[in-house]
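A short worksheet on the structure shown next.
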Amino acid sequence: MEELYYLVQIVLALILGGILGWQREIWGKSAGPRTYALVTAGSTLFTILSVQAFGSDSARVAAQIVTGIGFLGAGSILHKESRIEGLTTAAGLWMSAAIGMSVGLGYFVLSIGVSVISLLVLMIDDRKFVDAEVKKVNKKKI
């Protein structure tokens with residue numbers, strides 16, 4: 001019965017990560033629902049296993065999740081011409097791993113709340129702000 005509870009946790013993580021990835025896919029970003037869902041669910045599973053199997057040493061597994069996802073996120077960052085792309089995707093993957101870890105520890109309200117907040121942040125179109133600043137700078141040059 002306990003394993004069924006863990007399975008429910010992983011399904012919740014898949015859903016939360018999938019929603020974040022769905023938003024990224026709609027915006028045409030490289031990491032989509034499958035990537036985010038797998039990162040979130042994997043972090044949940046690693047967290048559950050670390051708490052159940054390693055007890056007092058479970059912090060070591062959590063630290064490796066953060067490091068591993070950081071490495072995965074670094075692979076999504078690209079330098080194109082004079083711009084750097086993929087930083088938000090990397091940060092989103094890192095956040096989805098944190099959400100997965102919180103699901104794995106049983107912090108469901110926190111996990112759902114942070115997912116909603118993260119989704120709202122990801123929906124901010126920062127290009128509008130950048131374009132407005134570029135126009136201001138160009139006007140000053142003229």
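Going through the structure tokens in order, the chains are called A, B, and so on, while each chain numbers its residues from 1 and the ligands are numbered from 1 in the order shown.
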Checklist entry - Hey, what does DSSP flag as strand (DSSP E) within region 16-102 of chain A? Can you give it to me as a list in words? => result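 Residues meeting the strand (DSSP E) criterion: Leu78, His79, Lys80, Arg83, Ile84 and Glu85 of chain A.
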Can you pull out the residues contacting Ile112 (chain A)? Cut-off 9 Å, using only C-alpha atoms, and skip same-chain residues under 5 positions away; I want them as a JSON list (two decimals) with C-alpha atoms, in the first residue's frame.
```json
[["chain", "number", "residue", "atom", "x", "y", "z"],
["A", 16, "LEU", "CA", 3.05, 19.39, -12.34],
["A", 99, "ILE", "CA", 9.17, 20.75, -7.17],
["A", 103, "VAL", "CA", 6.49, 16.16, -3.87],
["A", 107, "TYR", "CA", 4.86, 18.75, 0.64],
["A", 117, "ILE", "CA", 3.86, 30.59, -9.18]]
```
Next on the checklist: Considering only C-alpha atoms, can you say which of A:Ser43, A:Ser58, A:Gln52, A:Thr67 comes closest to Gly17 (chain A)?
Outcome noted: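 Of all the options, A:Ser43 lies closest to Gly17 (chain A).
Ranking A:Gly42, A:Ser50, A:Leu93, A:Glu3 by their shortest atom-to-atom distance to Ile69 (chain A), with only C-alpha atoms included, puts A:Leu93 first.
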Next on the checklist: Just checking: using only C-alpha atoms, which residue out of A:Ala63, A:Met95, A:Leu87, A:Met101 ends up closest to Leu12 (chain A)?
Outcome noted: A:Met101
Item to check | Shell of 10 Å around Ser76 (chain A), only C-alpha atoms, local chain residues under 4 positions omitted, as a PyMOL selection string | outcome: chain A and resi 30-31+71-72+85-91+93
Checklist entry - Can you tell me how far CA of Leu20 (chain A) sits from CA of Glu2 (chain A), in Å to one decimal? => result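 These atoms are spaced 27.7 Å apart.
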Checklist outcome for this item: As a check of understanding: the span from CA of Leu45 (chain A) to CA of Ile19 (chain A) is 18.5 Å
Item to check | Using only C-alpha atoms: which of A:Val51, A:Ala13, A:Gly32, A:Trp94 has the shortest distance to Phe108 (chain A) | outcome: A:Ala13
Checklist entry - Smallest atom-to-atom distance to Tyr5 (chain A): which of A:Gly68, A:Gly28, A:Gly73, A:Gly106, using only C-alpha atoms? => result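 The closest residue to Tyr5 (chain A) is A:Gly106.
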Item to check | Picked from chain A by DSSP as helix (DSSP H, G or I), as number ranges by chain | outcome: A: 2-26, 33-74, 87-104, 108-122, 126-141
Checklist outcome for this item: Here CA of Gly104 (chain A) and CA of Trp27 (chain A) stand apart by 28.6 Å
Next on the checklist: Between A:Leu78, A:Val8, A:Ala97, A:Leu110, which residue has the minimum interatomic distance to Phe46 (chain A), considering only C-alpha atoms?
Outcome noted: A:Ala97
